[in-house]
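run14.txt, holding compact mmCIF, C-alpha atoms:
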# COMPACT_ATOMS: atom_id res chain seq x y z
CA MET A 1 -128.19 -151.28 187.98
CA PRO A 2 -126.10 -154.31 189.09
CA THR A 3 -127.96 -157.51 189.86
CA HIS A 4 -126.96 -158.81 193.30
CA HIS A 5 -127.36 -162.42 194.42
CA ARG A 6 -126.90 -162.91 198.14
CA SER A 7 -125.74 -166.23 199.49
CA SER A 8 -128.31 -167.99 201.63
CA ARG A 9 -125.74 -169.27 204.03
CA ARG A 10 -122.48 -168.16 205.55
CA ILE A 11 -119.68 -170.60 206.25
CA THR A 12 -118.76 -169.83 209.84
CA THR A 13 -118.42 -173.19 211.50
CA SER A 14 -116.63 -173.66 214.76
CA VAL A 15 -114.26 -176.11 213.06
CA VAL A 16 -113.11 -173.42 210.62
CA SER A 17 -112.68 -170.92 213.44
CA LEU A 18 -110.61 -173.37 215.46
CA THR A 19 -108.49 -174.27 212.44
CA LEU A 20 -107.74 -170.64 211.56
CA PHE A 21 -107.06 -169.84 215.20
CA SER A 22 -104.61 -172.71 215.44
CA VAL A 23 -102.78 -171.58 212.29
CA VAL A 24 -102.54 -168.00 213.52
CA VAL A 25 -101.32 -169.01 216.97
CA ALA A 26 -98.76 -171.44 215.56
CA SER A 27 -97.44 -168.90 213.06
CA ALA A 28 -97.31 -166.13 215.61
CA LEU A 29 -95.47 -168.32 218.11
CA THR A 30 -93.01 -169.38 215.43
CA PHE A 31 -92.27 -165.76 214.64
CA CYS A 32 -91.88 -164.85 218.28
CA TRP A 33 -89.47 -167.73 218.86
CA LEU A 34 -87.31 -166.57 215.97
CA VAL A 35 -87.20 -162.89 216.92
CA GLU A 36 -86.89 -161.33 220.34
CA PRO A 37 -90.08 -159.39 221.19
CA THR A 38 -89.95 -155.62 221.11
CA ILE A 39 -91.89 -154.02 223.95
CA ALA A 40 -93.66 -150.78 223.06
CA SER A 41 -94.99 -148.16 225.42
CA ALA A 42 -98.68 -148.02 226.27
CA ASP A 43 -99.15 -145.05 223.90
CA ASP A 44 -97.68 -146.81 220.87
CA LYS A 45 -100.20 -147.55 218.14
CA LEU A 46 -100.79 -147.51 214.40
CA THR A 47 -103.99 -146.63 212.58
CA VAL A 48 -104.46 -148.86 209.55
CA TYR A 49 -106.94 -148.11 206.78
CA SER A 50 -107.71 -151.40 205.05
CA GLY A 51 -109.51 -152.22 201.83
CA ARG A 52 -109.29 -155.88 202.79
CA ALA A 53 -111.89 -157.79 204.78
CA GLU A 54 -111.11 -157.52 208.49
CA ARG A 55 -111.27 -161.29 209.04
CA LEU A 56 -108.45 -161.79 206.50
CA LEU A 57 -106.12 -159.20 207.97
CA LYS A 58 -106.79 -158.89 211.68
CA PRO A 59 -105.18 -162.21 212.74
CA VAL A 60 -101.91 -161.13 211.14
CA LEU A 61 -102.09 -157.67 212.73
CA ASP A 62 -102.85 -159.28 216.10
CA ALA A 63 -99.68 -161.35 215.75
CA PHE A 64 -97.74 -158.13 215.04
CA THR A 65 -99.16 -156.56 218.20
CA ALA A 66 -98.24 -159.66 220.21
CA LYS A 67 -94.67 -159.38 219.01
CA THR A 68 -94.13 -155.60 219.28
CA GLY A 69 -96.72 -154.31 221.73
CA ILE A 70 -97.83 -151.78 219.10
CA ARG A 71 -101.62 -151.59 219.08
CA ILE A 72 -103.49 -151.49 215.76
CA GLU A 73 -106.61 -149.42 215.20
CA LEU A 74 -108.15 -150.93 212.07
CA LEU A 75 -110.67 -149.25 209.77
CA SER A 76 -111.91 -151.54 206.98
CA SER A 77 -113.94 -150.25 204.06
CA GLY A 78 -114.03 -150.20 200.24
CA THR A 79 -110.70 -149.46 198.60
CA THR A 80 -111.90 -146.61 196.38
CA GLU A 81 -113.79 -145.09 199.31
CA LEU A 82 -110.66 -145.17 201.46
CA VAL A 83 -108.43 -143.64 198.77
CA ASN A 84 -110.92 -140.81 198.34
CA ARG A 85 -111.16 -140.42 202.09
CA MET A 86 -107.39 -140.13 202.48
CA LYS A 87 -107.28 -137.54 199.69
CA ALA A 88 -109.97 -135.49 201.43
CA GLU A 89 -108.38 -135.81 204.86
CA GLY A 90 -104.92 -134.85 203.62
CA GLY A 91 -102.42 -134.25 206.40
CA ARG A 92 -105.25 -134.46 208.96
CA SER A 93 -105.89 -138.13 208.24
CA PRO A 94 -105.55 -140.39 211.27
CA ALA A 95 -104.27 -143.15 208.98
CA ASP A 96 -100.64 -144.17 209.31
CA VAL A 97 -100.75 -147.12 206.92
CA PHE A 98 -102.94 -148.18 204.01
CA ILE A 99 -103.37 -151.84 203.06
CA THR A 100 -105.50 -153.00 200.16
CA ASN A 101 -105.98 -155.74 197.60
CA ASP A 102 -105.29 -154.03 194.26
CA ALA A 103 -102.02 -152.68 192.84
CA GLY A 104 -103.91 -150.19 190.68
CA SER A 105 -105.45 -148.54 193.74
CA LEU A 106 -102.08 -148.47 195.50
CA GLU A 107 -100.56 -146.79 192.45
CA ILE A 108 -103.40 -144.24 192.32
CA ALA A 109 -102.70 -143.39 195.96
CA ARG A 110 -98.98 -143.07 195.19
CA ALA A 111 -99.65 -140.76 192.23
CA ALA A 112 -101.86 -138.62 194.47
CA GLY A 113 -98.89 -138.09 196.80
CA LEU A 114 -100.41 -139.97 199.72
CA PHE A 115 -97.48 -142.29 200.39
CA ARG A 116 -93.99 -141.87 201.78
CA PRO A 117 -91.21 -143.67 199.87
CA VAL A 118 -89.34 -145.89 202.30
CA ASN A 119 -85.95 -147.56 202.35
CA ILE A 120 -86.28 -150.87 204.17
CA ARG A 121 -83.54 -153.45 203.70
CA GLU A 122 -85.87 -156.35 204.45
CA VAL A 123 -88.13 -155.31 201.54
CA GLU A 124 -85.21 -155.47 199.10
CA ARG A 125 -84.45 -159.02 200.23
CA ALA A 126 -88.00 -160.29 200.51
CA ILE A 127 -90.15 -158.78 197.72
CA PRO A 128 -89.07 -158.94 194.06
CA PRO A 129 -89.04 -155.51 192.34
CA GLN A 130 -91.97 -156.26 190.01
CA PHE A 131 -94.21 -156.43 193.08
CA ARG A 132 -93.50 -152.95 194.46
CA ALA A 133 -93.39 -149.33 193.35
CA ALA A 134 -90.02 -148.18 192.01
CA ASP A 135 -89.59 -145.79 194.95
CA HIS A 136 -90.93 -148.32 197.51
CA SER A 137 -93.87 -146.05 198.27
CA TRP A 138 -96.03 -149.18 198.13
CA ILE A 139 -94.96 -152.79 198.58
CA GLY A 140 -96.75 -155.95 197.53
CA LEU A 141 -97.58 -158.46 200.25
CA SER A 142 -99.34 -161.37 198.52
CA GLY A 143 -100.32 -162.45 195.01
CA ARG A 144 -103.65 -163.48 193.53
CA PHE A 145 -104.65 -164.73 190.09
CA TRP A 146 -107.86 -164.17 188.16
CA ILE A 147 -108.92 -167.71 187.29
CA ILE A 148 -111.81 -169.78 186.00
CA VAL A 149 -113.60 -171.85 188.61
CA TYR A 150 -115.67 -174.67 187.14
CA ASN A 151 -118.09 -177.32 188.29
CA THR A 152 -116.41 -180.68 187.67
CA THR A 153 -119.73 -182.38 186.89
CA LEU A 154 -120.61 -179.83 184.19
CA VAL A 155 -117.29 -178.93 182.53
CA LYS A 156 -114.19 -180.81 181.45
CA PRO A 157 -110.98 -178.81 181.75
CA ASP A 158 -110.01 -179.37 178.10
CA GLN A 159 -113.12 -177.44 177.03
CA ILE A 160 -111.55 -174.14 178.11
CA ASN A 161 -108.12 -172.65 177.42
CA SER A 162 -108.61 -168.91 177.84
CA LEU A 163 -110.74 -166.38 179.65
CA LEU A 164 -111.82 -165.30 176.17
CA ASP A 165 -113.45 -168.73 175.68
CA LEU A 166 -116.13 -167.74 178.18
CA ALA A 167 -117.47 -165.29 175.58
CA ASN A 168 -118.35 -168.18 173.25
CA PRO A 169 -122.16 -168.33 172.75
CA LYS A 170 -122.13 -172.04 173.65
CA TRP A 171 -121.74 -170.95 177.30
CA LYS A 172 -124.93 -168.87 177.22
CA ASP A 173 -126.57 -168.88 180.69
CA LYS A 174 -123.73 -171.05 182.02
CA ILE A 175 -121.29 -168.54 183.52
CA ALA A 176 -121.19 -166.14 186.46
CA ILE A 177 -119.22 -162.89 186.53
CA PRO A 178 -118.42 -160.00 188.91
CA ASN A 179 -120.40 -156.80 188.58
CA ALA A 180 -119.08 -153.70 186.81
CA GLY A 181 -117.96 -152.09 190.07
CA SER A 182 -115.61 -154.94 190.95
CA GLU A 183 -111.97 -153.86 191.24
CA TYR A 184 -111.03 -157.41 190.26
CA LEU A 185 -113.03 -157.10 187.02
CA GLN A 186 -111.54 -153.68 186.30
CA ALA A 187 -107.98 -154.87 186.87
CA GLY A 188 -108.50 -158.05 184.86
CA VAL A 189 -110.03 -156.22 181.91
CA SER A 190 -107.19 -153.68 182.05
CA VAL A 191 -104.65 -156.48 181.62
CA ILE A 192 -106.63 -157.97 178.72
CA ARG A 193 -106.76 -154.53 177.04
CA ALA A 194 -103.03 -153.98 177.51
CA SER A 195 -102.25 -157.48 176.21
CA LEU A 196 -104.68 -157.83 173.30
CA GLY A 197 -106.11 -154.37 172.48
CA ASP A 198 -109.53 -152.75 172.70
CA ASP A 199 -111.43 -154.70 170.03
CA PRO A 200 -110.81 -158.22 171.41
CA THR A 201 -111.49 -156.89 174.92
CA LYS A 202 -114.80 -155.36 173.85
CA LYS A 203 -115.87 -158.63 172.22
CA PHE A 204 -114.92 -160.48 175.40
CA LEU A 205 -116.99 -158.14 177.56
CA GLU A 206 -119.99 -158.34 175.25
CA GLY A 207 -119.75 -162.12 175.24
CA ILE A 208 -119.55 -162.62 178.99
CA ARG A 209 -122.29 -159.99 179.47
CA ASP A 210 -124.62 -161.98 177.23
CA ASN A 211 -123.60 -165.39 178.55
CA ALA A 212 -123.95 -164.40 182.21
CA GLY A 213 -127.36 -162.80 181.83
CA THR A 214 -128.58 -162.22 185.37
CA GLN A 215 -125.76 -164.24 186.95
CA VAL A 216 -123.86 -161.08 187.96
CA TYR A 217 -122.57 -161.04 191.52
CA GLN A 218 -121.38 -158.49 194.02
CA LYS A 219 -119.09 -160.92 195.86
CA SER A 220 -116.66 -163.47 194.49
CA SER A 221 -117.63 -165.93 197.21
CA GLN A 222 -121.16 -165.88 195.77
CA ILE A 223 -119.81 -166.82 192.34
CA VAL A 224 -117.97 -169.79 193.83
CA GLU A 225 -121.10 -170.88 195.68
CA ALA A 226 -123.21 -170.65 192.50
CA VAL A 227 -120.70 -172.83 190.64
CA ALA A 228 -120.53 -175.33 193.50
CA LYS A 229 -124.33 -175.64 193.49
CA GLY A 230 -124.44 -176.15 189.72
CA GLN A 231 -126.44 -172.98 189.16
CA VAL A 232 -123.80 -172.14 186.55
CA ALA A 233 -120.98 -174.18 185.06
CA MET A 234 -118.17 -171.66 185.48
CA GLY A 235 -117.23 -168.32 186.95
CA ILE A 236 -114.37 -165.81 187.05
CA VAL A 237 -112.85 -165.10 190.48
CA ASN A 238 -109.55 -164.66 192.27
CA HIS A 239 -108.11 -168.10 192.95
CA TYR A 240 -108.20 -167.97 196.76
CA TYR A 241 -111.99 -167.82 196.92
CA VAL A 242 -112.09 -171.34 195.50
CA TYR A 243 -109.50 -172.75 197.91
CA ARG A 244 -111.15 -171.13 200.93
CA HIS A 245 -114.45 -172.74 199.90
CA LEU A 246 -112.78 -176.14 199.45
CA ALA A 247 -111.08 -175.82 202.84
CA THR A 248 -114.52 -175.85 204.47
CA GLN A 249 -116.36 -178.03 201.92
CA PRO A 250 -113.74 -180.40 200.49
CA THR A 251 -116.28 -182.51 198.59
CA ALA A 252 -117.66 -179.56 196.60
CA PRO A 253 -117.43 -180.28 192.83
CA LEU A 254 -115.04 -177.38 192.21
CA ALA A 255 -111.75 -177.06 190.36
CA VAL A 256 -109.51 -174.23 189.21
CA LEU A 257 -108.36 -173.61 185.66
CA MET A 258 -105.34 -171.32 185.25
CA PRO A 259 -106.19 -169.77 181.87
CA ASP A 260 -104.25 -168.44 178.88
CA GLN A 261 -101.29 -170.78 179.18
CA GLN A 262 -101.41 -171.94 175.56
CA GLU A 263 -98.63 -170.95 173.18
CA GLY A 264 -99.07 -167.27 172.38
CA GLY A 265 -101.54 -166.82 175.26
CA MET A 266 -101.27 -163.71 177.39
CA GLY A 267 -100.65 -165.63 180.64
CA ALA A 268 -102.67 -165.62 183.84
CA ILE A 269 -103.79 -162.24 185.16
CA MET A 270 -102.04 -161.37 188.42
CA ASN A 271 -102.66 -158.68 191.02
CA VAL A 272 -101.25 -158.10 194.49
CA ALA A 273 -102.38 -156.96 197.89
CA GLY A 274 -99.98 -154.38 199.26
CA ILE A 275 -99.13 -151.71 201.80
CA GLY A 276 -98.15 -148.04 201.79
CA ILE A 277 -97.04 -145.74 204.61
CA LEU A 278 -98.88 -142.41 204.66
CA LYS A 279 -96.75 -139.38 203.88
CA HIS A 280 -97.84 -137.31 206.87
CA THR A 281 -97.56 -139.94 209.60
CA SER A 282 -95.43 -139.22 212.65
CA ARG A 283 -95.19 -142.97 213.37
CA VAL A 284 -92.82 -143.83 210.55
CA GLU A 285 -90.67 -146.22 212.57
CA HIS A 286 -93.66 -148.15 213.86
CA ALA A 287 -95.05 -148.34 210.31
CA LYS A 288 -91.72 -149.66 209.05
CA LEU A 289 -91.81 -152.36 211.71
CA LEU A 290 -95.21 -153.43 210.42
CA VAL A 291 -93.92 -153.58 206.83
CA GLU A 292 -90.92 -155.61 207.95
CA PHE A 293 -93.20 -158.02 209.83
CA LEU A 294 -95.50 -158.53 206.84
CA VAL A 295 -92.74 -159.12 204.26
CA ALA A 296 -90.62 -161.41 206.46
CA GLN A 297 -90.94 -165.17 206.02
CA ALA A 298 -93.16 -165.69 209.07
CA GLY A 299 -95.57 -162.92 208.06
CA GLN A 300 -95.68 -164.17 204.48
CA LYS A 301 -96.43 -167.69 205.67
CA MET A 302 -99.37 -166.40 207.71
CA PHE A 303 -100.90 -164.83 204.59
CA ALA A 304 -100.33 -168.07 202.70
CA ASP A 305 -101.86 -170.28 205.39
CA LEU A 306 -104.77 -168.06 206.39
CA ASP A 307 -105.81 -166.51 203.09
CA LYS A 308 -104.72 -169.08 200.47
CA GLU A 309 -102.78 -166.41 198.57
CA TYR A 310 -99.41 -166.76 196.86
CA PRO A 311 -96.52 -165.47 199.00
CA LEU A 312 -94.28 -162.96 197.22
CA HIS A 313 -91.23 -163.88 199.30
CA PRO A 314 -89.32 -166.35 197.09
CA ASP A 315 -88.43 -168.60 200.03
CA VAL A 316 -92.01 -169.04 201.30
CA LYS A 317 -94.16 -171.79 199.81
CA ALA A 318 -97.83 -171.43 199.01
CA ASP A 319 -100.47 -173.72 200.46
CA PRO A 320 -99.88 -177.13 198.83
CA ALA A 321 -103.51 -177.20 197.64
CA LEU A 322 -102.78 -174.33 195.24
CA ILE A 323 -101.49 -174.82 191.71
CA GLU A 324 -97.69 -174.78 191.87
CA ARG A 325 -96.58 -171.25 191.01
CA LYS A 326 -93.69 -172.42 188.84
CA SER A 327 -96.07 -174.41 186.65
CA PHE A 328 -97.79 -171.48 184.92
CA ARG A 329 -97.01 -168.11 183.32
CA ALA A 330 -98.33 -164.74 184.42
CA ALA A 331 -99.29 -161.91 182.07
CA LEU A 332 -96.45 -159.47 181.50
CA VAL A 333 -98.38 -156.22 182.07
CA PRO A 334 -96.58 -154.33 184.88
CA LEU A 335 -98.66 -153.88 188.02
CA THR A 336 -97.71 -150.20 188.10
CA LYS A 337 -99.63 -149.70 184.82
CA LEU A 338 -102.96 -150.78 186.30
CA ALA A 339 -103.67 -147.24 187.52
CA GLU A 340 -103.24 -145.52 184.16
CA LEU A 341 -105.19 -148.29 182.43
CA ARG A 342 -108.19 -147.99 184.75
CA GLU A 343 -110.04 -144.97 183.34
CA PRO A 344 -110.20 -146.20 179.71
CA THR A 345 -111.15 -149.64 181.03
CA LEU A 346 -114.03 -148.17 183.04
CA LEU A 347 -115.20 -146.33 179.93
CA LEU A 348 -115.15 -149.54 177.90
CA ILE A 349 -117.04 -151.45 180.60
CA GLU A 350 -119.65 -148.69 180.62
CA GLN A 351 -119.94 -148.63 176.83
CA VAL A 352 -120.58 -152.36 176.75
CA GLY A 353 -123.33 -151.97 179.34
CA MET A 354 -121.98 -154.30 181.98
CA ARG A 355 -124.25 -154.49 185.02

Output the file's structure in the form of structure tokens.
Amino acid sequence: MPTHHRSSRRITTSVVSLTLFSVVVASALTFCWLVEPTIASADDKLTVYSGRAERLLKPVLDAFTAKTGIRIELLSSGTTELVNRMKAEGGRSPADVFITNDAGSLEIARAAGLFRPVNIREVERAIPPQFRAADHSWIGLSGRFWIIVYNTTLVKPDQINSLLDLANPKWKDKIAIPNAGSEYLQAGVSVIRASLGDDPTKKFLEGIRDNAGTQVYQKSSQIVEAVAKGQVAMGIVNHYYVYRHLATQPTAPLAVLMPDQQEGGMGAIMNVAGIGILKHTSRVEHAKLLVEFLVAQAGQKMFADLDKEYPLHPDVKADPALIERKSFRAALVPLTKLAELREPTLLLIEQVGMR
């Protein structure tokens, strides 16, 4: 059974709310100034199934509604749960669009025949081909990297080069990791397997299992908090959790290490959030408008500003607090392979006895 540590406090200050609101309003107004609003009829709507947290997505969808008049009915839940739900619902599903935070899950949905391939000129211009399915049945929206977050009072950055270093026994009881059910863990381990093979991956899993002990968390934000408090020295999370924490607590002793950049290293592990249009939907044109909005420069900037993720549009800059994207290498494992890699990865995670 996974061990869950729940944070004793939630960062929901009025200052943060006002800051995010200001960013959303400014970005939405910028978009509206650049493009003439499209007025939809009162019956126009889209139902969006989302594997992303509502607070991270709803401001962007609200800006889309403000521009087009198309209402969004949003259902947020776990990604795997939603994929299974769409499979069960089939053509009766109320969902028009699916948005989630893992390319492997998007590819699983594509392979199950849930998505409609689309031809959208704006996608060709905005999103490089490595960040979308070959037939455009799903399209990446933002990038995230699996990184090492460390406490600057407990670790020096030259002590760590690779994710594999966290399996060294010298870090016993000093690291925090996601639980076995984490899609981030599953995707990250899949890339390590594809890059290095099963034996090094198994040793890595055994090492971080032993070094983490009971420091196994359900939420990445809890890992960041544990590192900030000095409960552990390091943790493995997607990069944006660290920058969101620092945005609200700038004096926290946290820093990000982009791992596996040494000569011969596999490169940093990347995943994307993305979108697919459901095959059965009768609202194809509305759904295409949403895709166009999210991949255009204004939509991409909103993701960058609000969520601290890396824009996929080559002309949109990431938040300046983030490590410059051109300064590090990403692993070369294609995102479309994450689906086929998942089952053997899950088996390996189970064999190792991850919590």

Exercise for review: Quick one: pull the distance between CA of Phe328 in chain A and CA of Leu164 in chain A, Å, one decimal.
Suggested key: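 About the pair CA of Phe328 in chain A and CA of Leu164 in chain A: they are 17.7 Å apart.
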
### Message
I need every residue sitting at most 7 Å from the point (-95.4, -147.8, 215.4) (coordinates as in the file, only C-alpha atoms considered), written as an MDAnalysis selection string.
### Response
chainID A and resid 44:46 70 283:287 289

Original post:
Near Ile127 in chain A, within 6 Å and counting all atoms listed in the file, which residues show up once chain neighbours fewer than 2 positions away are dropped, as a list of chain:residue names?
Top reply: A:Val123, A:Leu312, A:His313

In terms of all atoms listed in the file, the residue from A:Ala212, A:Ile147, A:Ala296, A:Val291 at minimal distance from Ile120 in chain A is A:Val291

* **Protein, DNA and RNA residues within 8 Å of (-106.3, -163.9, 183.1), all atoms listed in the file, as a list in words** => Phe145, Trp146, Ile147, Ser162, Leu163, Gly188, Val191, Ile192, Met258, Pro259, Asp260, Met266, Gly267, Ala268, Ile269, Met270 and Ala331 of chain A

Nearest to His136 in chain A, restricted to all atoms listed in the file and choosing among A:Leu154, A:Ile275, A:Ile148, A:Ala112, comes out as A:Ile275

Self-check item: Contacts of Pro117 in chain A within 12 Å, all atoms listed in the file, excl. fewer than 4 positions in-chain, as a ChimeraX atom specification
Solution: /A:110-111,113,132-139,275-280,284,288

Could you please take those selected residues and save C-alpha atoms as an mmCIF file, in the frame of the given file?
data_model
loop_
_atom_site.group_PDB
_atom_site.id
_atom_site.type_symbol
_atom_site.label_atom_id
_atom_site.label_comp_id
_atom_site.auth_asym_id
_atom_site.auth_seq_id
_atom_site.Cartn_x
_atom_site.Cartn_y
_atom_site.Cartn_z
ATOM 1 C CA ARG A 110 -98.980 -143.070 195.190
ATOM 2 C CA ALA A 111 -99.650 -140.760 192.230
ATOM 3 C CA GLY A 113 -98.890 -138.090 196.800
ATOM 4 C CA ARG A 132 -93.500 -152.950 194.460
ATOM 5 C CA ALA A 133 -93.390 -149.330 193.350
ATOM 6 C CA ALA A 134 -90.020 -148.180 192.010
ATOM 7 C CA ASP A 135 -89.590 -145.790 194.950
ATOM 8 C CA HIS A 136 -90.930 -148.320 197.510
ATOM 9 C CA SER A 137 -93.870 -146.050 198.270
ATOM 10 C CA TRP A 138 -96.030 -149.180 198.130
ATOM 11 C CA ILE A 139 -94.960 -152.790 198.580
ATOM 12 C CA ILE A 275 -99.130 -151.710 201.800
ATOM 13 C CA GLY A 276 -98.150 -148.040 201.790
ATOM 14 C CA ILE A 277 -97.040 -145.740 204.610
ATOM 15 C CA LEU A 278 -98.880 -142.410 204.660
ATOM 16 C CA LYS A 279 -96.750 -139.380 203.880
ATOM 17 C CA HIS A 280 -97.840 -137.310 206.870
ATOM 18 C CA VAL A 284 -92.820 -143.830 210.550
ATOM 19 C CA LYS A 288 -91.720 -149.660 209.050
#

- Item | Given all atoms listed in the file as the counted atoms, nearest of A:Val118, A:Ala176, A:Val316, A:Leu346 to Met302 in chain A |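 Among the listed residues, A:Val316 lies closest to Met302 in chain A.
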
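For the pair CA of Arg116 in chain A and CA of Pro128 in chain A, the separation is 19.4 Å.
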
Would you compute the box with edges along x, y and z of the file around range 45-61 of chain A, including every atom the file lists for it and 5 Å extra on each side, and give its centre and edge lengths in Å to one decimal, as JSON?
{"center_x": -106.0, "center_y": -154.4, "center_z": 210.0, "size_x": 21.7, "size_y": 25.6, "size_z": 26.3}

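Of the residues listed (A:Ala228, A:Val237, A:Ala109, A:Val272), A:Val237 shows the shortest atom-to-atom separation from Leu257 in chain A; distances use all atoms listed in the file.
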